[in-house]
Amino acid sequence: MDKKSLTFDEIKLKLVNYCVYQDRCHYEVEQKMKEFLLIPEAKDEIFLYLMKENYLNEERFTRSYIRGKFYIKHWGRNKIKMNLKQKGITEKLISKCMDEIDVDDYEKAFMKIYHDYFSKQKAMKDYQKKSKTIKHLISKGYEYDVVLDVVNNE
């Protein structure tokens, strides 16, 4: 199927709408730009426009991403950090924005996931339940030392 030819302004508008729909990082916008045949100068001009008009803001994206993944999906810090790195966000910016997660909320979410998962493990020896629970919590992105402290103290 032939792709419809778009003008520079139409492509720019599509990318503005892409950024308005939800916060995006540079990497996502770059991937979206690959759909359009653009010369490097045009890409740079669109990037500058998106940043100047505040459609594209890496810090806002990072903060929004952290809030969403923690408060909606209940991911731990490690998993959030890893996914942000895959999107090309710097370690410094990730660390700066991690204050979006309230310490008390983090602890409550961790304990809720721990108790829910541990209580669902049936017909197993205690050490097997603990082992499966540890693996589950680590896969959710919670820190290994925190997981071990809680599991050993419960």
# chains A, B, ... in the order shown; residues from 1 in each chain; ligands from 1
>>> residues_around(residues="segment 104-111 of chain A", least_positions_apart="5", cutoff="12 Å", atoms="only C-alpha atoms", output="count of residues only")
32
>>> atom_distance(atom1="atom CA of Ser131 of chain A", atom2="atom CA of Lys112 of chain A")
17.2 Å
>>> residues_around(residues="segment 19-24 of chain A", least_positions_apart="3", cutoff="10 Å", atoms="only C-alpha atoms", output="list of chain:residue names")
A:Leu13, A:Lys14, A:Leu15, A:Val16, A:Tyr27, A:Glu28, A:Val29, A:Leu50, A:Asn54, A:Tyr55, A:Leu56, A:Asn57, A:Glu58, A:Glu59, A:Arg60, A:Phe61, A:Thr62, A:Arg63, A:Ser64, A:Tyr65, A:Lys87
>>> atom_distance(atom1="atom CA of Met124 of chain A", atom2="atom CA of Ser139 of chain A")
20.5 Å
>>> closest_residue(among="A:Lys92, A:Ile101, A:Lys32, A:Ile113", to="Ile80 of chain A", atoms="only C-alpha atoms")
A:Ile101
>>> atom_distance(atom1="atom CA of Phe8 of chain A", atom2="atom CA of Phe36 of chain A")
9.7 Å
